[in-house]
Amino acid sequence: MIAVASYIYVNISRPTTAPLDPLLSKLDSYLNEKLVMGPTLSGFYVANNGNSPLSIDYIVLQNTTSGSVTVVRASRNQLCSASTVELQPGGTSIVTCSSNDLESIAVVTSNGKVFTRDPKLTAPYLIPRTITQRVLLSPEVVTEIGQYLRVVGNIVNTSIDITKYIDSSNTNLVLNANVSLLIATKTPGNPDAWNILVVGYGGYGPRPKSSLNIGGQTINLSKVGYYRFRIKLENFTGQIRVTETAGERSLTKPEIVPNVVNQGKQYFIYLSGSVRRVSVYTNTSKLEPGFVDLDPYYVFGDLDGNGYPELIFVTQDHGTGNKDSVNDRLPVNINVVDSFLNPVRIVFTAEPIDNSRYATVVVSVRLFFWDSSEDDISDNDNRVILRVGIYDNQENKFVYSVSMSYYELCRYRTVKPFTVSYIVKDFLLYVPSPEEIESRDLYIVLEVTDPYNLQGSRNDAEIIVGIEYVGLVLGVRP
Amino acid sequence: MRRGISTLLTATIVAAVALSVFTTLFTISYRRTSTSVSSLWGLIDYTDLHEATKLAVIVRGDMATLKNIGRSPVELEYIVFNTSNGVEILRLDLNDRCRILKINEACEVSLGRGTLIAAITKSGVIVFPERIGIEVETSEAALIIPITFSFRNLGDIAKEFEIDPELIAKPYPNQRDKRGVNGSVSLILPEGREEGEYYDKEVSTISTKCQGGGKDDKIPFGVLIVGYDPSWVMESRGVNPGAPPRYTILIAGPKSKGQEKLCIGKSDVPLTQRGFRVKIANFTGTIKIYDSEGRVVACSSSNPSECVGYRSAIGTWYYENSGWKLFMDGVASYIAYYQRAPSGQGQEMSYEPFLFLGDLDGNGLVDILLVTEDAYYGDSSKYNDSDDKGINFLLDYSTEPLKLKLLRVGYVLGSSDGSIDGGRYSAVILYLNLLFHDNSYPDEQQLEDIDRTDWVLRILLVDEEGNEYIIREYRYQEICNYHKTVVTDVGRDNYFTKLSQSIYIPIPASGKYWVVIALQDPYYYQGTKNDADITIGIEIIGALPLLR
């Protein structure tokens with residue numbers, strides 16, 4: 001500024017000797033010259049955003065440690081190198097310096113115009129030093145999981161039928177039942193309420209009669225759920241009491257209570273309170289295989305108290321087995337093996353990924369896995385259980401995916417006593433470029449399946465998979 | 001980043017053009033009416049005001065923060081938006097929070113109308129925000145440098161990853177300078193057994209259906225790997241989306257027990273000697289895999305109507321005793337027929353016959369595989385890669401690792417030698433998508449068969465002096481968890497699934513460093529143990545540099 005003022009002042013103070021036209025044309029090109037400077041990962045850029053070609057003559061460097069300032073020729077010096085010094089309009093030069101201590105604070109063009117780097121403009125650039133990870137499986141998404149699940153029809157294949165008996169909303173409920181498995185989680189967003197899945201069969205058990213009272217109507221669960229029942233409660237408030245060999249206790253914290261797995265026998269539970277939604281699935285007398293929808297095979301809620309709800313898929317009913325026996329069966333030698341016809345697909349449509357902007361993504365998943373095969377890989381083939389990928393919603397297909405199969409997953413759990421360890425996996429996913437598949441929004445997809453539907457006495461694992469956290473880091477297209 | 005700058009540039013170039021037009025008009029109008037000094041003072045005042053008024057714009061989603069970073073307070077009167085309906089000008093209300101901004105004061109405007117191109121002050125200065133877009137892009141996304149193996153041949157891979165040429169040179173007979181792999185009987189590429197040098201044109205027919213040969217038109221194999229040819233992957237995902245598929249194929253096996261032949265051009269090649277390998281690139285034709293009952297298990301063809309109703313043959317197929325047989329018929333641009341001949345005894349091989357380059361799952365990324373498996377599996381009482389008679393011709397092992405230098409990381413970070421500057425970067429997080437397989441069977445007893453804990457995959461950091469620092473090793477005992485040796489239920493059961501691994505690489509505080517991936521088959525044999533032959537594959541690597 002001072003330069004331009006004094007330049008003009010010196011020239012106009014001699015109006016008689018200096019003709020005005022050359023002065024104005026000089027001023028014109030001087031004013032037209034415009035540069036911006038900013039940092040890049042490896043140095044800084046100088047971009048000509050004016051409308052006339054210009055050339056950088058000098059770079060002003062400051063040593064950030066000593067504070068000393070050096071002016072070097074842009075075209076040739078020992079400290080820094082510029083990819084070019086002649087800049088057409090729109091052109092950019094990348095300057096890299098030999099030492100990290102050197103910061104470029106200004107450049108001088110051949111017209112003598114000085115462009116400085118405003119430190120205040122640089123400050124916001126520091127933001128990318130931390131990496132943004134978006135939460136894909138947020139409590140809100142889990143609560144509205146129905147919007148994201150892509151499940152068509154009766155996806156669960158059961159070796160013994162199970163059908164919907166009751167689906168009620170906003171009612172009082174009392175359950176007295178012999179059960180095999182109880183999964184009790186906390187309702188997302190409501191720490192006083194529970195989301196619960198109860199699995200059992202009515203024909204046997206420690207107490208003579210299982211009953212369920214919904215809104216004043218009593219159901220004889222021992223009869224109605226003689227061969228099997230699954231009860232799913234959403235937003236339940238009230239008492240939960242469990243009677244095991246050791247005696248009766250109240251449930252205060254979320255828990256998976258897998259007594260048939262651990263003790264080999266059913267236990268008794270008592271639930272009393274009100275519930276926003278309850279669905280009951282039963283089999284009274286039909287021994288044939290069947291198909292049913294996903295509803296009684298998943299439950300969501302916080303299981304470990306960290307505020308992130310787990311989305312839990314459960315084909316496990318009762319006991320365990322090995323390669324010579326069927327894993328899940330009733331004491332009367334009736335198989336209760338469930339599997340999914342197709343993977344349950346969760347499409348995270350709330351976060352579109354623009355393939356012209358991003359080249360890779362990293363999806364981090366925190367999960368646990370359990371299955372009912374005592375002898376692991378001897379009992380089951382190496383089938384895919386979990387798949388994470390990038391999905392093209394227009395073509396309805398994966399454009400990239402990686403997966404986790406049984407041989408790996410079975411190493412993260414103990415069958416008996418029931419033990420799971422949470423694992424966190426990072427999945428690198430490739431985003432095909434617009435040149436490969438046209439420019440479009442793609443979506444992260446997570447698939448979970450129980451692919452084991454019994455072959456002889458093998459390939460009959462029943463699973464409990466909990467997906468807790470799904471995070472997304474976007475990688476720019478460099 | 002580049003897009004950020006280009007968005008910025010577009011905005012500011014528009015701005016600069018506007019400014020220059022404005023200035024020119026201003027200047028010219030003054031020239032016409034008056035050439036007196038006082039008018040020029042007006043120009044100087046305006047220029048001064050213009051230079052003094054500075055506005056930073058930080059865009060976050062739909063909101064933009066305007067901050068006065070100039071050296072005097074500013075009163076904004078208009079904000080100019082570029083919207084889908086063209087340019088729209090918003091006049092700021094007198095009590096709008098953005099109307100008067102003191103030095104360093106900031107306010108927020110909604111960008112619902114489009115992108116913000118300029119603000120006009122009450123005194124008529126047009127202010128062009130200089131950093132539109134940059135923050136948005138960099139703060140919501142990280143730089144994860146993708147490293148792929150999408151190259152047409154090993155030579156190009158070698159250039160990209162600075163592989164020692166002797167480690168991937170073709171093992172012609174009587175050459176003693178190859179290094180990398182050895183075995184009981186070496187694979188050599190005899191004279192006259194190589195067709196084509198160029199990957200572009202088809203040079204030879206190749207078929208299991210030989211004219212006037214044996215009645216069987218199929219051949220047994222020990223290992224078969226079928227992938228989409230890299231040249232086709234690049235063509236079909238670029239200039240020519242409809243191009244019929246072309247394949248790349250690796251066949252390995254023992255000496256054939258029958259009369260089966262492979263017909264290459266006009267010559268019949270019997271599958272004799274002590275074992276063979278065939279590498280075929282850019283194959284146009286049909287590939288069918290039959291089971292021992294003669295049923296088609298899988299089929300892939302450049303003419304897809306030939307394979308309707310069948311599972312794709314793309315992927316890996318292992319073991320002679322599965323009873324599977326291969327039918328193929330077509331043309332290829334490169335064919336190399338390696339054999340384990342007695343003359344190959346003692347001659348060290350390179351990695352070349354053991355490397356496969358092709359897209360193994362049709363997702364558009366070329367996988368690189370190191371395959372030392374040839375034909376058989378085994379347990380602790382038997383050589384793994386040998387027949388029931390215990391002949392160990394097919395056992396191979398590495399004499400030195402194959403190293404791939406990830407120069408791309410440094411290139412993207414701006415260094416011409418591909419290095420990572422320790423002064424600038426404190427770490428790199430490496431993501432690798434891998435596959436692994438071996439021939440120790442049964443899987444439940446593989447740790448008894450292979451009880452030496454040797455590494456097969458290593459991540460190294462290398463400094464300027466060539467010193468290597470081991471960052472992460474994948475030893476057999478870890479990686480063997482990720483595979484199943486024998487698969488019969490094709491389609492549902494899996495030899496392996498592609499797994500994603502993440503590795504943290506700390507970078508020392510000064511000097512230049514390179515990340516190197518090393519692969520090896522560390523097992524020859526000790527009695528009938530520690531004799532695994534292996535498959536290791538890499539599909540894509542992502543490198544996330546962390547600033548110091």
# chains A, B, ... in the order shown; residues from 1 in each chain; ligands from 1
>>> interface_residues(of="chain A", to="chain B", cutoff="6 Å", atoms="only C-alpha atoms", output="VMD selection string")
chain A and resid 32 42 49 to 50 127 to 128 132 381 to 383 402 408 427 435 to 436 474 to 476
>>> residues_around(residues="range 78-88 of chain B", least_positions_apart="2", cutoff="7 Å", atoms="only C-alpha atoms", output="ChimeraX atom specification")
/B:76,90-92,113-121
>>> write_last_selection(atoms="all heavy atoms", output="mmCIF file, in the first residue's frame")
data_model
loop_
_atom_site.group_PDB
_atom_site.id
_atom_site.type_symbol
_atom_site.label_atom_id
_atom_site.label_comp_id
_atom_site.auth_asym_id
_atom_site.auth_seq_id
_atom_site.Cartn_x
_atom_site.Cartn_y
_atom_site.Cartn_z
ATOM 1 N N LEU B 76 -21.136 -3.202 6.271
ATOM 2 C CA LEU B 76 -21.529 -3.949 5.077
ATOM 3 C C LEU B 76 -22.936 -3.556 4.678
ATOM 4 O O LEU B 76 -23.822 -3.442 5.515
ATOM 5 C CB LEU B 76 -21.491 -5.465 5.350
ATOM 6 C CG LEU B 76 -20.137 -6.059 5.738
ATOM 7 C CD1 LEU B 76 -20.283 -7.566 5.985
ATOM 8 C CD2 LEU B 76 -19.110 -5.826 4.629
ATOM 9 N N LEU B 90 -28.290 -9.421 -1.584
ATOM 10 C CA LEU B 90 -29.049 -9.268 -0.346
ATOM 11 C C LEU B 90 -28.648 -7.958 0.307
ATOM 12 O O LEU B 90 -27.475 -7.711 0.546
ATOM 13 C CB LEU B 90 -28.740 -10.456 0.575
ATOM 14 C CG LEU B 90 -29.257 -10.364 2.009
ATOM 15 C CD1 LEU B 90 -30.754 -10.632 2.055
ATOM 16 C CD2 LEU B 90 -28.534 -11.367 2.900
ATOM 17 N N ARG B 91 -29.620 -7.127 0.572
ATOM 18 C CA ARG B 91 -29.316 -5.869 1.256
ATOM 19 C C ARG B 91 -29.445 -6.118 2.752
ATOM 20 O O ARG B 91 -30.452 -6.626 3.225
ATOM 21 C CB ARG B 91 -30.283 -4.782 0.804
ATOM 22 C CG ARG B 91 -29.938 -3.462 1.447
ATOM 23 C CD ARG B 91 -30.705 -2.310 0.883
ATOM 24 N NE ARG B 91 -30.068 -1.091 1.335
ATOM 25 C CZ ARG B 91 -30.116 0.036 0.691
ATOM 26 N NH1 ARG B 91 -30.735 0.108 -0.447
ATOM 27 N NH2 ARG B 91 -29.523 1.106 1.191
ATOM 28 N N LEU B 92 -28.419 -5.750 3.498
ATOM 29 C CA LEU B 92 -28.429 -6.007 4.931
ATOM 30 C C LEU B 92 -29.227 -4.933 5.644
ATOM 31 O O LEU B 92 -29.028 -3.729 5.406
ATOM 32 C CB LEU B 92 -27.008 -6.054 5.483
ATOM 33 C CG LEU B 92 -26.165 -7.251 5.050
ATOM 34 C CD1 LEU B 92 -24.757 -7.111 5.589
ATOM 35 C CD2 LEU B 92 -26.766 -8.563 5.522
ATOM 36 N N ARG B 113 -28.957 -19.412 0.076
ATOM 37 C CA ARG B 113 -29.168 -18.835 -1.241
ATOM 38 C C ARG B 113 -28.160 -19.333 -2.269
ATOM 39 O O ARG B 113 -28.375 -19.158 -3.463
ATOM 40 C CB ARG B 113 -29.023 -17.322 -1.154
ATOM 41 C CG ARG B 113 -30.099 -16.667 -0.340
ATOM 42 C CD ARG B 113 -29.641 -15.293 0.102
ATOM 43 N NE ARG B 113 -30.736 -14.551 0.697
ATOM 44 C CZ ARG B 113 -31.617 -13.839 -0.002
ATOM 45 N NH1 ARG B 113 -31.522 -13.752 -1.292
ATOM 46 N NH2 ARG B 113 -32.598 -13.204 0.603
ATOM 47 N N GLY B 114 -27.039 -19.860 -1.846
ATOM 48 C CA GLY B 114 -26.041 -20.295 -2.816
ATOM 49 C C GLY B 114 -24.664 -20.031 -2.264
ATOM 50 O O GLY B 114 -24.459 -20.072 -1.059
ATOM 51 N N THR B 115 -23.706 -19.733 -3.140
ATOM 52 C CA THR B 115 -22.370 -19.437 -2.650
ATOM 53 C C THR B 115 -22.194 -17.929 -2.536
ATOM 54 O O THR B 115 -22.741 -17.156 -3.318
ATOM 55 C CB THR B 115 -21.294 -19.992 -3.595
ATOM 56 O OG1 THR B 115 -21.638 -19.621 -4.922
ATOM 57 C CG2 THR B 115 -21.198 -21.502 -3.502
ATOM 58 N N LEU B 116 -21.402 -17.548 -1.550
ATOM 59 C CA LEU B 116 -21.193 -16.131 -1.314
ATOM 60 C C LEU B 116 -20.049 -15.670 -2.211
ATOM 61 O O LEU B 116 -18.960 -16.238 -2.175
ATOM 62 C CB LEU B 116 -20.849 -15.972 0.171
ATOM 63 C CG LEU B 116 -20.812 -14.576 0.767
ATOM 64 C CD1 LEU B 116 -21.035 -14.669 2.262
ATOM 65 C CD2 LEU B 116 -19.515 -13.869 0.484
ATOM 66 N N ILE B 117 -20.298 -14.663 -3.052
ATOM 67 C CA ILE B 117 -19.205 -14.208 -3.908
ATOM 68 C C ILE B 117 -18.593 -12.898 -3.439
ATOM 69 O O ILE B 117 -17.417 -12.674 -3.613
ATOM 70 C CB ILE B 117 -19.579 -14.004 -5.400
ATOM 71 C CG1 ILE B 117 -21.054 -14.218 -5.671
ATOM 72 C CG2 ILE B 117 -18.727 -14.820 -6.300
ATOM 73 C CD1 ILE B 117 -21.384 -13.978 -7.145
ATOM 74 N N ALA B 118 -19.371 -12.026 -2.861
ATOM 75 C CA ALA B 118 -18.787 -10.750 -2.473
ATOM 76 C C ALA B 118 -19.659 -10.065 -1.440
ATOM 77 O O ALA B 118 -20.828 -10.389 -1.265
ATOM 78 C CB ALA B 118 -18.637 -9.841 -3.690
ATOM 79 N N ALA B 119 -19.036 -9.100 -0.767
ATOM 80 C CA ALA B 119 -19.797 -8.219 0.118
ATOM 81 C C ALA B 119 -19.446 -6.800 -0.302
ATOM 82 O O ALA B 119 -18.325 -6.530 -0.741
ATOM 83 C CB ALA B 119 -19.404 -8.475 1.564
ATOM 84 N N ILE B 120 -20.408 -5.893 -0.214
ATOM 85 C CA ILE B 120 -20.154 -4.513 -0.620
ATOM 86 C C ILE B 120 -20.357 -3.623 0.599
ATOM 87 O O ILE B 120 -21.391 -3.708 1.282
ATOM 88 C CB ILE B 120 -21.092 -4.078 -1.767
ATOM 89 C CG1 ILE B 120 -20.918 -5.053 -2.946
ATOM 90 C CG2 ILE B 120 -20.792 -2.640 -2.204
ATOM 91 C CD1 ILE B 120 -21.908 -4.858 -4.062
ATOM 92 N N THR B 121 -19.346 -2.800 0.897
ATOM 93 C CA THR B 121 -19.445 -1.952 2.075
ATOM 94 C C THR B 121 -20.244 -0.702 1.745
ATOM 95 O O THR B 121 -20.498 -0.384 0.575
ATOM 96 C CB THR B 121 -18.055 -1.536 2.581
ATOM 97 O OG1 THR B 121 -17.483 -0.645 1.635
ATOM 98 C CG2 THR B 121 -17.149 -2.735 2.779
#
>>> select_by_dssp(residues="range 137-320 of chain A", states="alpha helix (DSSP H)", output="list in words")
Pro139, Glu140, Val141, Val142, Thr143, Leu221, Ser222, Lys223, Val224, Asn259, Val260, Val261, Asn262 and Gln263 of chain A
>>> write_last_selection(atoms="N, CA, C and O atoms", output="PDB file, in the first residue's frame")
ATOM      1  N   PRO A 139     -27.128 -42.897  18.216  1.00  0.00           N
ATOM      2  CA  PRO A 139     -28.352 -43.317  18.920  1.00  0.00           C
ATOM      3  C   PRO A 139     -29.603 -42.990  18.113  1.00  0.00           C
ATOM      4  O   PRO A 139     -30.553 -43.761  18.090  1.00  0.00           O
ATOM      5  N   GLU A 140     -29.596 -41.841  17.423  1.00  0.00           N
ATOM      6  CA  GLU A 140     -30.773 -41.468  16.630  1.00  0.00           C
ATOM      7  C   GLU A 140     -31.001 -42.458  15.493  1.00  0.00           C
ATOM      8  O   GLU A 140     -32.117 -42.863  15.216  1.00  0.00           O
ATOM      9  N   VAL A 141     -29.877 -42.842  14.824  1.00  0.00           N
ATOM     10  CA  VAL A 141     -30.003 -43.795  13.721  1.00  0.00           C
ATOM     11  C   VAL A 141     -30.470 -45.151  14.249  1.00  0.00           C
ATOM     12  O   VAL A 141     -31.345 -45.799  13.668  1.00  0.00           O
ATOM     13  N   VAL A 142     -29.930 -45.569  15.391  1.00  0.00           N
ATOM     14  CA  VAL A 142     -30.316 -46.865  15.959  1.00  0.00           C
ATOM     15  C   VAL A 142     -31.799 -46.867  16.305  1.00  0.00           C
ATOM     16  O   VAL A 142     -32.530 -47.817  16.019  1.00  0.00           O
ATOM     17  N   THR A 143     -32.259 -45.759  16.905  1.00  0.00           N
ATOM     18  CA  THR A 143     -33.661 -45.683  17.306  1.00  0.00           C
ATOM     19  C   THR A 143     -34.585 -45.756  16.085  1.00  0.00           C
ATOM     20  O   THR A 143     -35.663 -46.320  16.147  1.00  0.00           O
ATOM     21  N   LEU A 221     -48.288 -69.007  28.459  1.00  0.00           N
ATOM     22  CA  LEU A 221     -47.105 -69.100  27.599  1.00  0.00           C
ATOM     23  C   LEU A 221     -46.592 -70.532  27.496  1.00  0.00           C
ATOM     24  O   LEU A 221     -46.026 -70.928  26.479  1.00  0.00           O
ATOM     25  N   SER A 222     -46.798 -71.317  28.559  1.00  0.00           N
ATOM     26  CA  SER A 222     -46.370 -72.722  28.530  1.00  0.00           C
ATOM     27  C   SER A 222     -47.067 -73.457  27.401  1.00  0.00           C
ATOM     28  O   SER A 222     -46.493 -74.346  26.782  1.00  0.00           O
ATOM     29  N   LYS A 223     -48.309 -73.051  27.134  1.00  0.00           N
ATOM     30  CA  LYS A 223     -49.067 -73.723  26.093  1.00  0.00           C
ATOM     31  C   LYS A 223     -48.846 -73.030  24.742  1.00  0.00           C
ATOM     32  O   LYS A 223     -48.468 -73.659  23.756  1.00  0.00           O
ATOM     33  N   VAL A 224     -49.059 -71.707  24.755  1.00  0.00           N
ATOM     34  CA  VAL A 224     -48.974 -70.960  23.489  1.00  0.00           C
ATOM     35  C   VAL A 224     -47.552 -71.010  22.926  1.00  0.00           C
ATOM     36  O   VAL A 224     -47.342 -71.141  21.730  1.00  0.00           O
ATOM     37  N   ASN A 259     -28.378 -68.527  30.412  1.00  0.00           N
ATOM     38  CA  ASN A 259     -28.245 -69.642  31.329  1.00  0.00           C
ATOM     39  C   ASN A 259     -28.207 -71.032  30.711  1.00  0.00           C
ATOM     40  O   ASN A 259     -27.529 -71.910  31.233  1.00  0.00           O
ATOM     41  N   VAL A 260     -28.939 -71.253  29.648  1.00  0.00           N
ATOM     42  CA  VAL A 260     -28.876 -72.597  29.068  1.00  0.00           C
ATOM     43  C   VAL A 260     -27.461 -72.861  28.556  1.00  0.00           C
ATOM     44  O   VAL A 260     -26.929 -73.953  28.683  1.00  0.00           O
ATOM     45  N   VAL A 261     -26.838 -71.837  27.999  1.00  0.00           N
ATOM     46  CA  VAL A 261     -25.456 -71.994  27.543  1.00  0.00           C
ATOM     47  C   VAL A 261     -24.545 -72.299  28.731  1.00  0.00           C
ATOM     48  O   VAL A 261     -23.768 -73.259  28.714  1.00  0.00           O
ATOM     49  N   ASN A 262     -24.655 -71.521  29.795  1.00  0.00           N
ATOM     50  CA  ASN A 262     -23.709 -71.659  30.908  1.00  0.00           C
ATOM     51  C   ASN A 262     -24.057 -72.800  31.861  1.00  0.00           C
ATOM     52  O   ASN A 262     -23.170 -73.507  32.331  1.00  0.00           O
ATOM     53  N   GLN A 263     -25.358 -72.974  32.178  1.00  0.00           N
ATOM     54  CA  GLN A 263     -25.755 -73.939  33.209  1.00  0.00           C
ATOM     55  C   GLN A 263     -26.432 -75.174  32.625  1.00  0.00           C
ATOM     56  O   GLN A 263     -26.681 -76.131  33.356  1.00  0.00           O
TER      57      GLN A 263
END
>>> atom_distance(atom1="CA of Leu294 in chain A", atom2="CA of Val314 in chain A")
9.8 Å
>>> residues_around(residues="range 185-187 of chain A", least_positions_apart="6", cutoff="12 Å", atoms="only C-alpha atoms", output="PyMOL selection string")
chain A and resi 139-140+142-143+193-198+232-237+240+251-257+275-276+298-312+466
>>> select_by_dssp(residues="range 156-353 of chain B", states="strand (DSSP E)", output="MDAnalysis selection string")
chainID B and resid 181:183 187:188 194:195 204:207 219:220 223:228 247:253 261:264 267:270 276:290 296:301 315:318 325:332 334:340
>>> closest_residue(among="A:Asn327, A:Ser401, A:Thr320, A:Thr449", to="Val344 in chain A", atoms="only C-alpha atoms")
A:Thr449
>>> closest_residue(among="B:Val223, B:Leu167, B:Ile335, B:Val516", to="Cys263 in chain B", atoms="only C-alpha atoms")
B:Ile335
>>> atom_distance(atom1="CA of Gly153 in chain A", atom2="CA of Phe291 in chain A")
9.1 Å
>>> closest_residue(among="B:Glu77, B:Asp229, B:Asp521, B:Glu478", to="Gly358 in chain B", atoms="only C-alpha atoms")
B:Asp229
>>> residues_around(residues="Gln88 in chain A", least_positions_apart="6", cutoff="12 Å", atoms="only C-alpha atoms", output="PyMOL selection string")
(chain A and resi 33-35+46-56) or (chain B and resi 13)
>>> atom_distance(atom1="CA of Asp291 in chain B", atom2="CA of Asp376 in chain A")
28.0 Å
>>> residues_around(residues="range 383-387 of chain B", least_positions_apart="6", cutoff="10 Å", atoms="only C-alpha atoms", output="PyMOL selection string")
chain B and resi 222+254+319-321+372-377+393-396+438-441+449+524-533
>>> residues_around(residues="Gly247 in chain A", least_positions_apart="3", cutoff="12 Å", atoms="only C-alpha atoms", output="PDB file with N, CA and C atoms, in the first residue's frame")
ATOM      1  N   ARG A 241     -36.660 -59.244  37.385  1.00  0.00           N
ATOM      2  CA  ARG A 241     -36.030 -60.119  38.383  1.00  0.00           C
ATOM      3  C   ARG A 241     -35.700 -61.459  37.738  1.00  0.00           C
ATOM      4  N   VAL A 242     -34.530 -61.964  38.082  1.00  0.00           N
ATOM      5  CA  VAL A 242     -34.049 -63.213  37.507  1.00  0.00           C
ATOM      6  C   VAL A 242     -33.798 -64.205  38.636  1.00  0.00           C
ATOM      7  N   THR A 243     -34.340 -65.419  38.513  1.00  0.00           N
ATOM      8  CA  THR A 243     -34.077 -66.451  39.517  1.00  0.00           C
ATOM      9  C   THR A 243     -33.212 -67.539  38.902  1.00  0.00           C
ATOM     10  N   GLU A 244     -31.968 -67.596  39.367  1.00  0.00           N
ATOM     11  CA  GLU A 244     -31.051 -68.624  38.892  1.00  0.00           C
ATOM     12  C   GLU A 244     -30.822 -69.609  40.035  1.00  0.00           C
ATOM     13  N   SER A 250     -32.466 -58.744  41.289  1.00  0.00           N
ATOM     14  CA  SER A 250     -33.046 -57.736  40.407  1.00  0.00           C
ATOM     15  C   SER A 250     -31.996 -57.275  39.409  1.00  0.00           C
ATOM     16  N   TYR A 267     -33.949 -70.765  33.306  1.00  0.00           N
ATOM     17  CA  TYR A 267     -34.105 -70.073  34.565  1.00  0.00           C
ATOM     18  C   TYR A 267     -35.418 -69.299  34.507  1.00  0.00           C
ATOM     19  N   PHE A 268     -35.754 -68.703  35.615  1.00  0.00           N
ATOM     20  CA  PHE A 268     -37.067 -68.073  35.733  1.00  0.00           C
ATOM     21  C   PHE A 268     -36.901 -66.559  35.765  1.00  0.00           C
ATOM     22  N   ILE A 269     -37.733 -65.841  34.993  1.00  0.00           N
ATOM     23  CA  ILE A 269     -37.674 -64.380  35.084  1.00  0.00           C
ATOM     24  C   ILE A 269     -39.053 -63.802  35.381  1.00  0.00           C
TER      25      ILE A 269
END
>>> closest_residue(among="A:Ile219, A:Pro208, A:Arg134, A:Arg345", to="Val473 in chain A", atoms="only C-alpha atoms")
A:Arg134
>>> closest_residue(among="A:Val384, A:Ile214, A:Ala359, A:Val415", to="Leu173 in chain A", atoms="only C-alpha atoms")
A:Ile214
